[in-house]
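Written below as structure tokens is the structure these notes are about.
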Amino acid sequence: MKNLKKILFAGAIVVLVLFTNSVTAQNASSAELKIKTSSICTMCKKTIEKHLATEKGISKSSLDVDTKILTVNYDPKKTTPEKIRLAVSKSGYDADEVKADPKAYDKLAGCCKKENAEMEKK
Ligand SMILES: [Cu+2]
């Protein structure tokens with residue numbers, strides 16, 4: 001009987017190790033994407049990050065206001081870089097070569113519009 005207990009115990013450990021490995025493998029399948037956006041201020045940051053939080057397959061997004069680079073952590077099985085850029089566009093901002101959705105852009109606060117930012121520089 002003691003041997004049987006040992007075998008069961010060893011079996012439980014094997015199952016645990018296999019389970020842990022599969023969880024780690026899932027984490028490894030998450031990818032990172034960097035997108036150049038037309039954002040201007042911390043309000044833009046909130047708008048974009050809030051919008052992306054509702055998108056499927058995106059676990060985390062973080063915008064660096066100074067560089068305008070948006071870093072997105074996503075699951076490649078659930079979404080694609082194309083879809084993510086489109087989501088950024090739908091929030092009113094350019095995403096790399098994808099231009100901002102005009103309707104969403106119109107709804108942005110005045111300070112968040114790239115036209116105004118360019119005018120202020122002149
Ligand atoms: Cu802004």
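We name chains A, B, ... following the order of the structure tokens; residues begin at 1 in each chain, and ligands are numbered from 1 as shown.
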
Report task. Please provide as a list in words all residues within 7 Å of A:Arg85, with the sequence filter that same-chain residues fewer than 4 positions apart are discarded (counting only C-alpha atoms). Result ->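 Within the cut-off, the hits are Pro81, Ser89, Ala95 and Val98 of chain A.
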
Given the selection you just returned, output its residues as a file containing N, CA and C atoms, formatted as a tab-separated table (two decimals), in the first residue's frame.
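Wrote part-v1.tsv, looks like this:
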```
chain	number	residue	atom	x	y	z
A	81	PRO	N	-1.77	42.74	-35.63
A	81	PRO	CA	-1.30	44.14	-35.63
A	81	PRO	C	-2.22	45.04	-36.47
A	89	SER	N	-6.94	53.81	-34.73
A	89	SER	CA	-7.57	54.74	-35.68
A	89	SER	C	-9.00	55.07	-35.25
A	95	ALA	N	-2.22	55.55	-36.55
A	95	ALA	CA	-1.45	54.41	-36.05
A	95	ALA	C	-0.53	53.95	-37.16
A	98	VAL	N	-1.72	53.88	-40.84
A	98	VAL	CA	-3.18	53.95	-40.82
A	98	VAL	C	-3.62	55.30	-40.26
```

Report task. Name all residues at most 10 Å from stretch 62-66 of chain A (count only C-alpha atoms; drop same-chain ones fewer than 4 positions away) and give them as a list in words. Result ->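 The contact residues come out as Lys34, Ile35, Lys36, Thr37, Ser38, Ser39, Ile40, Cys41, Thr42, Met43, Cys44, Lys45, Lys46, Ile48, Glu49, Leu52, Leu70, Thr71, Val72 and Asn73 of chain A.
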
Those residues with N, CA and C atoms, as a short mmCIF file (atom, residue, chain, number, x, y, z; two decimals), in the first residue's frame please?
```cif
data_model
loop_
_atom_site.label_atom_id
_atom_site.label_comp_id
_atom_site.auth_asym_id
_atom_site.auth_seq_id
_atom_site.Cartn_x
_atom_site.Cartn_y
_atom_site.Cartn_z
N LYS A 34 4.73 47.82 -31.23
CA LYS A 34 4.92 49.24 -30.99
C LYS A 34 4.32 50.02 -32.15
N ILE A 35 3.49 51.00 -31.84
CA ILE A 35 2.79 51.77 -32.88
C ILE A 35 3.08 53.24 -32.67
N LYS A 36 3.45 53.91 -33.76
CA LYS A 36 3.64 55.37 -33.71
C LYS A 36 2.26 56.01 -33.88
N THR A 37 1.86 56.85 -32.92
CA THR A 37 0.53 57.46 -32.98
C THR A 37 0.64 58.98 -33.14
N SER A 38 -0.53 59.61 -33.35
CA SER A 38 -0.57 61.07 -33.49
C SER A 38 -1.03 61.72 -32.20
N SER A 39 -0.79 61.06 -31.07
CA SER A 39 -1.25 61.58 -29.79
C SER A 39 -0.44 62.80 -29.36
N ILE A 40 -1.02 63.59 -28.45
CA ILE A 40 -0.37 64.83 -28.04
C ILE A 40 -0.15 64.92 -26.53
N CYS A 41 -1.21 64.60 -25.76
CA CYS A 41 -1.13 64.86 -24.32
C CYS A 41 -1.58 63.65 -23.50
N THR A 42 -1.64 63.83 -22.18
CA THR A 42 -2.03 62.72 -21.31
C THR A 42 -3.51 62.35 -21.50
N MET A 43 -4.30 63.31 -22.01
CA MET A 43 -5.70 62.99 -22.29
C MET A 43 -5.79 62.00 -23.46
N CYS A 44 -4.92 62.20 -24.44
CA CYS A 44 -4.85 61.27 -25.57
C CYS A 44 -4.49 59.88 -25.05
N LYS A 45 -3.53 59.86 -24.14
CA LYS A 45 -3.08 58.59 -23.56
C LYS A 45 -4.26 57.84 -22.95
N LYS A 46 -5.08 58.58 -22.18
CA LYS A 46 -6.24 57.95 -21.55
C LYS A 46 -7.23 57.46 -22.58
N ILE A 48 -6.76 56.58 -25.75
CA ILE A 48 -6.28 55.41 -26.50
C ILE A 48 -6.27 54.17 -25.61
N GLU A 49 -5.70 54.30 -24.42
CA GLU A 49 -5.59 53.12 -23.55
C GLU A 49 -6.96 52.59 -23.14
N LEU A 52 -8.45 50.76 -26.19
CA LEU A 52 -7.80 49.48 -26.46
C LEU A 52 -8.13 48.44 -25.39
N LEU A 70 3.00 53.86 -28.85
CA LEU A 70 2.08 53.04 -28.07
C LEU A 70 2.60 51.61 -28.06
N THR A 71 2.79 51.06 -26.87
CA THR A 71 3.24 49.68 -26.75
C THR A 71 2.04 48.82 -26.37
N VAL A 72 1.77 47.80 -27.18
CA VAL A 72 0.60 46.95 -26.97
C VAL A 72 1.05 45.52 -26.73
N ASN A 73 0.54 44.91 -25.67
CA ASN A 73 0.75 43.48 -25.44
C ASN A 73 -0.53 42.77 -25.85
#
```

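Atom CA of A:Lys83 sits 17.0 Å away from atom CA of A:Ile69.
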
Query raised in the report: Got a sec: who's within 12 Å of A:Asp106, counting only C-alpha atoms, leaving out chain neighbours fewer than 6 positions off, as a VMD selection string?
Result: chain A and resid 90 to 93 100 112 to 115

Requested in this report: Write out as a list in words the residues lying within 10 Å of A:Gly57, counting only C-alpha atoms and excluding same-chain residues fewer than 6 positions away.
Outcome: Ser30, Asn73, Tyr74, Asp75, Pro76, Lys77, Lys78, Thr79, Thr80 and Ile84 of chain A

Would you mind exporting N, CA and C atoms of the selected residues as a PDB file, in the first residue's frame?
```
ATOM      1  N   SER A  30       2.100  35.529 -25.961  1.00  0.00           N
ATOM      2  CA  SER A  30       1.692  36.922 -26.059  1.00  0.00           C
ATOM      3  C   SER A  30       2.791  37.713 -26.756  1.00  0.00           C
ATOM      4  N   ASN A  73       0.541  44.908 -25.674  1.00  0.00           N
ATOM      5  CA  ASN A  73       0.748  43.483 -25.444  1.00  0.00           C
ATOM      6  C   ASN A  73      -0.527  42.767 -25.848  1.00  0.00           C
ATOM      7  N   TYR A  74      -0.384  41.810 -26.759  1.00  0.00           N
ATOM      8  CA  TYR A  74      -1.582  41.157 -27.292  1.00  0.00           C
ATOM      9  C   TYR A  74      -1.368  39.670 -27.513  1.00  0.00           C
ATOM     10  N   ASP A  75      -2.472  38.967 -27.703  1.00  0.00           N
ATOM     11  CA  ASP A  75      -2.445  37.537 -27.970  1.00  0.00           C
ATOM     12  C   ASP A  75      -2.570  37.338 -29.481  1.00  0.00           C
ATOM     13  N   PRO A  76      -1.501  36.860 -30.144  1.00  0.00           N
ATOM     14  CA  PRO A  76      -1.531  36.731 -31.612  1.00  0.00           C
ATOM     15  C   PRO A  76      -2.595  35.755 -32.100  1.00  0.00           C
ATOM     16  N   LYS A  77      -3.104  34.918 -31.203  1.00  0.00           N
ATOM     17  CA  LYS A  77      -4.160  33.984 -31.623  1.00  0.00           C
ATOM     18  C   LYS A  77      -5.513  34.684 -31.688  1.00  0.00           C
ATOM     19  N   LYS A  78      -5.637  35.813 -30.995  1.00  0.00           N
ATOM     20  CA  LYS A  78      -6.940  36.479 -30.908  1.00  0.00           C
ATOM     21  C   LYS A  78      -7.035  37.767 -31.714  1.00  0.00           C
ATOM     22  N   THR A  79      -5.895  38.374 -32.016  1.00  0.00           N
ATOM     23  CA  THR A  79      -5.945  39.621 -32.776  1.00  0.00           C
ATOM     24  C   THR A  79      -4.675  39.766 -33.604  1.00  0.00           C
ATOM     25  N   THR A  80      -4.625  40.789 -34.461  1.00  0.00           N
ATOM     26  CA  THR A  80      -3.473  41.000 -35.341  1.00  0.00           C
ATOM     27  C   THR A  80      -3.020  42.459 -35.245  1.00  0.00           C
ATOM     28  N   ILE A  84      -5.223  45.941 -34.448  1.00  0.00           N
ATOM     29  CA  ILE A  84      -4.865  46.847 -33.349  1.00  0.00           C
ATOM     30  C   ILE A  84      -4.691  48.266 -33.879  1.00  0.00           C
TER      31      ILE A  84
END
```

Query raised in the report: Hey, can you check how far atom CA of A:Glu97 sits from atom CA of A:Leu33?
Result: 14.3 Å

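Here the question is which of A:Thr47, A:Tyr105, A:Lys56, A:Phe9 gets nearest to ligand 1 using only C-alpha atoms and all ligand atoms, and that residue is A:Thr47.
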
Query - DSSP strand (DSSP E or B) selection over stretch 54-117 of chain A, as a VMD selection string - result: chain A and resid 58 to 64 69 to 74 95 98

Query - Computed interatomic separation between atom CA of A:Ser59 and atom CA of A:Cys111 (Å) - result: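 Computed distance, atom CA of A:Ser59 to atom CA of A:Cys111, equals 28.1 Å.
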